[in-house]
Amino acid sequence: MTEAILVLNAGSSSMKFSLFREGEAEPALHLQGQIEGIYTAPHFVARIAAGAVLDETRWAEGTRLGHDGAIAYLLEFLRAQLRDYHLIAVGHRVVHGGLEFSRPVRVDAQVLTKLEKFIPLAPLHQPHNLTPIRVIAAQAPDLPQIACFDTAFHRTQPPLAQAFALPGAITDRGVHRYGFHGLSYEYIAKTLPQYDPHAARGKVVVLHLGNGASMCAIGAGKSVASTMGFTAVEGLPMGTRCGALDPGVMLYFMDELKMDARAIEKLIYQQSGLLGVSGVSSDMRTLEASSEPGAKAAIDLYVYRIGRELGSLSAALGGLDAIVFTAGIGENSRLVREQVCRGAAWLGVELDAAANRANGPRISTSASRASAWVIPTNEELMIASHTRRALSPKQ
Ligand code: AMP
């Protein structure tokens with residue numbers, strides 16, 4: 001029987017899964033898929049690693065499968081499909097590990113209680129990340145479950161980079177800059193030596209530009225600073241999140257617009273960013289194809305903010321040896337990469353336009369003082385690798 005590791009990434013309305021085979025130098029992807037719309041119109045699809053659809057199910061509009069139902073369906077599917085496989089562990093993406101968890105951890109009842117305490121720090125993600133852990137623990141109490149945190153990679157940041165200029169009593173309550181997308185950054189930091197060993201030992205800014213977006217300054221492979229802070233709404237404009245906002249704007253929302261916390265939450269998380277500015281879409285492909293002036297304005301602001309953050313993160317590093325683009329927009333948008341690289345000429349980045357059109361991996365000229373790369377991220381593999389390591393008795 002082949003041993004396998006299941007990786008789960010549970011969001012508010014979807015659950016992504018990947019199954020990795022064990023027994024090779026690194027975990028090998030066997031199949032992956034997701035259940036989307038679990039509270040509205042659930043849609044399950046599983047693909048083999050090469051991409052072909054293995055199985056697909058649609059539920060009627062209005063079906064509320066919920067997280068419990070989605071996990072139950074998924075486990076049943078895996079049981080039926082994988083008679084020759086033996087599941088040895090489940091690795092979970094968990095957004096928040098607070099200051100306490102700076103590495104993956106095997107979850108038991110005590111750890112779960114601690115992770116629940118972080119729910120107020122990430123109310124839109126953490127509860128959904130924890131639900132599958134609870135459901136699986138009830139069904140299969142002996143199956144090891146490993147929590148891998150989006151915050152953990154950033155715990156190497158110097159205290160200054162993690163601090164807000166707030167009174168100590170507030171800081172003591174856990175109001176810090178935590179940083180997110182850590183599994184993606186960790187994967188890039190691990191992979192970069194294959195592309196540019198010199199830069200990997202030096203000063204690198206990674207741009208994780210997906211629907212959620214952030215940037216991370218990495219010095220000698222370790223996180224030094226990042227654009228995301230206490231929550232995942234800080235920093236860059238994103239698909240629907242506004243990114244950095246003058247805190248005085250919050251007071252204006254409350255005092256003048258009479259908005260309460262929930263209304264502000266909706267505005268800054270779901271109605272802002274590329275969607276809010278463009279009035280067209282949160283999707284970069286749609287914006288690039290649109291002739292609406294709002295679409296161009298949104299891309300311009302997005303690129304401008306990236307340029308400003310690149311300067312800030314380079315300052316935190318004291319220089320720049322390389323930039324790396326990753327995630328949906330970073331891996332695919334030639335336009336955004338071109339504009340960002342052109343704006344970074346003052347930092348020594350010289351774009352190779354033809355290489356950028358070909359999607360890299362190296363998109364800077366050989367004469368470029370700082371190199372530029374396109375490297376696809378792989379958070380699932382990172383989780384599978386962590387899970388494997390956490391099972392070893394040496395851990
Ligand atoms: P992610 O959250 O990493 O899946 O990234 C989603 C974002 O990537 C969306 O804004 C997509 O529009 C964007 N994206 C995906 N493919 C492309 C493409 N070919 N060109 C531009 N943007 C893309």
# chains A, B, ... in the order shown; residues from 1 in each chain; ligands from 1
$ residues_near_ligand --ligand "ligand 1" --cutoff "7 Å" --atoms "only C-alpha atoms and all ligand atoms" --output "list of chain:residue names"
A:Leu209, A:Gly210, A:Asn211, A:Gly212, A:Gly239, A:Ser282, A:Asp283, A:Met284, A:Arg285, A:Thr286, A:Ala327, A:Gly328, A:Ile329, A:Asn332, A:Ser333
$ write_last_selection --atoms "N, CA and C atoms" --output "PDB file, in the first residue's frame"
ATOM      1  N   LEU A 209       1.456  37.922  -5.844  1.00  0.00           N
ATOM      2  CA  LEU A 209       0.358  38.720  -6.399  1.00  0.00           C
ATOM      3  C   LEU A 209      -0.753  37.788  -6.871  1.00  0.00           C
ATOM      4  N   GLY A 210      -1.635  37.443  -5.968  1.00  0.00           N
ATOM      5  CA  GLY A 210      -2.789  36.622  -6.330  1.00  0.00           C
ATOM      6  C   GLY A 210      -4.033  37.442  -6.081  1.00  0.00           C
ATOM      7  N   ASN A 211      -5.143  36.771  -5.828  1.00  0.00           N
ATOM      8  CA  ASN A 211      -6.342  37.501  -5.459  1.00  0.00           C
ATOM      9  C   ASN A 211      -6.092  38.238  -4.135  1.00  0.00           C
ATOM     10  N   GLY A 212      -5.460  37.540  -3.200  1.00  0.00           N
ATOM     11  CA  GLY A 212      -4.827  38.220  -2.062  1.00  0.00           C
ATOM     12  C   GLY A 212      -3.406  38.537  -2.485  1.00  0.00           C
ATOM     13  N   GLY A 239      -7.508  41.962  -4.955  1.00  0.00           N
ATOM     14  CA  GLY A 239      -8.683  41.812  -5.809  1.00  0.00           C
ATOM     15  C   GLY A 239      -9.839  42.646  -5.296  1.00  0.00           C
ATOM     16  N   SER A 282     -12.624  42.284 -10.133  1.00  0.00           N
ATOM     17  CA  SER A 282     -11.467  42.045  -9.254  1.00  0.00           C
ATOM     18  C   SER A 282     -10.427  41.202  -9.972  1.00  0.00           C
ATOM     19  N   ASP A 283     -10.761  40.771 -11.177  1.00  0.00           N
ATOM     20  CA  ASP A 283      -9.931  39.807 -11.905  1.00  0.00           C
ATOM     21  C   ASP A 283      -8.995  40.530 -12.869  1.00  0.00           C
ATOM     22  N   MET A 284      -7.695  40.316 -12.686  1.00  0.00           N
ATOM     23  CA  MET A 284      -6.718  41.045 -13.495  1.00  0.00           C
ATOM     24  C   MET A 284      -6.883  40.772 -14.992  1.00  0.00           C
ATOM     25  N   ARG A 285      -7.256  39.538 -15.351  1.00  0.00           N
ATOM     26  CA  ARG A 285      -7.447  39.225 -16.776  1.00  0.00           C
ATOM     27  C   ARG A 285      -8.526  40.107 -17.376  1.00  0.00           C
ATOM     28  N   THR A 286      -9.635  40.256 -16.637  1.00  0.00           N
ATOM     29  CA  THR A 286     -10.746  41.077 -17.126  1.00  0.00           C
ATOM     30  C   THR A 286     -10.302  42.534 -17.246  1.00  0.00           C
ATOM     31  N   ALA A 327       2.343  33.674  -7.737  1.00  0.00           N
ATOM     32  CA  ALA A 327       0.868  33.619  -7.627  1.00  0.00           C
ATOM     33  C   ALA A 327       0.217  34.096  -8.933  1.00  0.00           C
ATOM     34  N   GLY A 328      -1.121  34.026  -8.982  1.00  0.00           N
ATOM     35  CA  GLY A 328      -1.861  34.188 -10.250  1.00  0.00           C
ATOM     36  C   GLY A 328      -1.418  35.346 -11.126  1.00  0.00           C
ATOM     37  N   ILE A 329      -1.369  36.542 -10.558  1.00  0.00           N
ATOM     38  CA  ILE A 329      -0.993  37.720 -11.343  1.00  0.00           C
ATOM     39  C   ILE A 329       0.529  37.721 -11.586  1.00  0.00           C
ATOM     40  N   ASN A 332       1.474  35.205 -14.248  1.00  0.00           N
ATOM     41  CA  ASN A 332       0.827  35.264 -15.573  1.00  0.00           C
ATOM     42  C   ASN A 332       0.723  36.632 -16.215  1.00  0.00           C
ATOM     43  N   SER A 333       0.718  37.703 -15.428  1.00  0.00           N
ATOM     44  CA  SER A 333       0.469  39.010 -16.038  1.00  0.00           C
ATOM     45  C   SER A 333       1.772  39.661 -16.505  1.00  0.00           C
TER      46      SER A 333
END
$ residues_around --residues "A:Gly276" --least-positions-apart "3" --cutoff "9 Å" --atoms "only C-alpha atoms" --output "number ranges by chain"
A: 239-242, 267, 270-273, 279-282, 298
$ select_by_dssp --residues "stretch 218-371 of chain A" --states "alpha helix (DSSP H)" --output "VMD selection string"
chain A and resid 247 to 255 261 to 270 273 to 278 284 to 289 293 to 317 327 to 332 334 to 343 353 to 357
$ select_by_dssp --residues "stretch 106-265 of chain A" --states "strand (DSSP E or B)" --output "number ranges by chain"
A: 106, 145-149, 203-209, 213-219, 222-226
$ closest_residue --among "A:Val224, A:Gly311, A:Val206, A:Gly219" --to "A:Val374" --atoms "only C-alpha atoms"
A:Val206
$ closest_atom_pairs --of "stretch 109-224 of chain A" --to "stretch 367-371 of chain A" --cutoff "10 Å" --atoms "only C-alpha atoms" --output "tab-separated table"
residue	atom	partner	partner_atom	distance
A:Asp196	CA	A:Ser371	CA	8.4
A:Ala199	CA	A:Ser371	CA	8.0
A:Lys203	CA	A:Ala370	CA	9.5
A:Val204	CA	A:Ala370	CA	9.1
$ write_last_selection --atoms "C-alpha atoms" --output "mmCIF file, in the first residue's frame"
data_model
loop_
_atom_site.group_PDB
_atom_site.id
_atom_site.type_symbol
_atom_site.label_atom_id
_atom_site.label_comp_id
_atom_site.auth_asym_id
_atom_site.auth_seq_id
_atom_site.Cartn_x
_atom_site.Cartn_y
_atom_site.Cartn_z
ATOM 1 C CA ASP A 196 19.861 32.309 -8.455
ATOM 2 C CA ALA A 199 20.471 36.251 -4.657
ATOM 3 C CA LYS A 203 18.465 40.428 -0.458
ATOM 4 C CA VAL A 204 15.270 39.425 -2.207
#
$ residues_around --residues "A:Gln339" --least-positions-apart "5" --cutoff "9 Å" --atoms "only C-alpha atoms" --output "PyMOL selection string"
chain A and resi 300+303+334+344
$ closest_residue --among "A:Glu186, A:Ile38, A:Phe44, A:Asp260" --to "A:Ala200" --atoms "only C-alpha atoms"
A:Glu186
$ residues_around --residues "A:Leu124" --least-positions-apart "2" --cutoff "12 Å" --atoms "only C-alpha atoms" --output "ChimeraX atom specification"
/A:10-13,94-96,118-122,126-130,231-233,262,265-266,269-270
$ closest_residue --among "A:Lys117, A:His43, A:Arg305, A:Arg177" --to "A:Ser14" --atoms "only C-alpha atoms"
A:His43
$ decode --residues "stretch 62-75 of chain A" --atoms "N, CA, C and O atoms" --output "mmCIF file, in the first residue's frame"
data_model
loop_
_atom_site.group_PDB
_atom_site.id
_atom_site.type_symbol
_atom_site.label_atom_id
_atom_site.label_comp_id
_atom_site.auth_asym_id
_atom_site.auth_seq_id
_atom_site.Cartn_x
_atom_site.Cartn_y
_atom_site.Cartn_z
ATOM 1 N N GLY A 62 -28.670 26.501 -4.093
ATOM 2 C CA GLY A 62 -29.325 26.646 -2.793
ATOM 3 C C GLY A 62 -28.956 25.545 -1.803
ATOM 4 O O GLY A 62 -29.356 25.595 -0.646
ATOM 5 N N THR A 63 -28.197 24.539 -2.246
ATOM 6 C CA THR A 63 -27.783 23.468 -1.328
ATOM 7 C C THR A 63 -26.725 23.999 -0.370
ATOM 8 O O THR A 63 -25.743 24.599 -0.797
ATOM 9 N N ARG A 64 -26.967 23.773 0.932
ATOM 10 C CA ARG A 64 -25.974 24.202 1.934
ATOM 11 C C ARG A 64 -25.259 22.964 2.460
ATOM 12 O O ARG A 64 -25.704 22.347 3.416
ATOM 13 N N LEU A 65 -24.171 22.628 1.803
ATOM 14 C CA LEU A 65 -23.390 21.459 2.197
ATOM 15 C C LEU A 65 -22.642 21.775 3.501
ATOM 16 O O LEU A 65 -22.525 20.927 4.381
ATOM 17 N N GLY A 66 -22.155 22.998 3.613
ATOM 18 C CA GLY A 66 -21.400 23.417 4.798
ATOM 19 C C GLY A 66 -20.031 22.764 4.847
ATOM 20 O O GLY A 66 -19.722 21.874 4.048
ATOM 21 N N HIS A 67 -19.226 23.215 5.798
ATOM 22 C CA HIS A 67 -17.878 22.665 5.912
ATOM 23 C C HIS A 67 -17.918 21.193 6.333
ATOM 24 O O HIS A 67 -17.184 20.368 5.782
ATOM 25 N N ASP A 68 -18.808 20.879 7.293
ATOM 26 C CA ASP A 68 -18.881 19.490 7.757
ATOM 27 C C ASP A 68 -19.262 18.561 6.604
ATOM 28 O O ASP A 68 -18.649 17.515 6.403
ATOM 29 N N GLY A 69 -20.283 18.977 5.855
ATOM 30 C CA GLY A 69 -20.749 18.153 4.739
ATOM 31 C C GLY A 69 -19.675 18.019 3.664
ATOM 32 O O GLY A 69 -19.501 16.943 3.065
ATOM 33 N N ALA A 70 -18.961 19.110 3.420
ATOM 34 C CA ALA A 70 -17.921 19.092 2.383
ATOM 35 C C ALA A 70 -16.800 18.126 2.765
ATOM 36 O O ALA A 70 -16.334 17.341 1.937
ATOM 37 N N ILE A 71 -16.405 18.153 4.032
ATOM 38 C CA ILE A 71 -15.328 17.246 4.471
ATOM 39 C C ILE A 71 -15.806 15.799 4.412
ATOM 40 O O ILE A 71 -15.086 14.912 3.950
ATOM 41 N N ALA A 72 -17.028 15.585 4.880
ATOM 42 C CA ALA A 72 -17.571 14.221 4.863
ATOM 43 C C ALA A 72 -17.573 13.694 3.429
ATOM 44 O O ALA A 72 -17.176 12.552 3.168
ATOM 45 N N TYR A 73 -18.008 14.545 2.480
ATOM 46 C CA TYR A 73 -18.049 14.113 1.081
ATOM 47 C C TYR A 73 -16.646 13.799 0.574
ATOM 48 O O TYR A 73 -16.408 12.779 -0.076
ATOM 49 N N LEU A 74 -15.727 14.681 0.914
ATOM 50 C CA LEU A 74 -14.356 14.524 0.438
ATOM 51 C C LEU A 74 -13.720 13.243 0.980
ATOM 52 O O LEU A 74 -13.087 12.477 0.235
ATOM 53 N N LEU A 75 -13.917 12.993 2.280
ATOM 54 C CA LEU A 75 -13.315 11.792 2.876
ATOM 55 C C LEU A 75 -13.921 10.524 2.268
ATOM 56 O O LEU A 75 -13.224 9.548 2.010
#
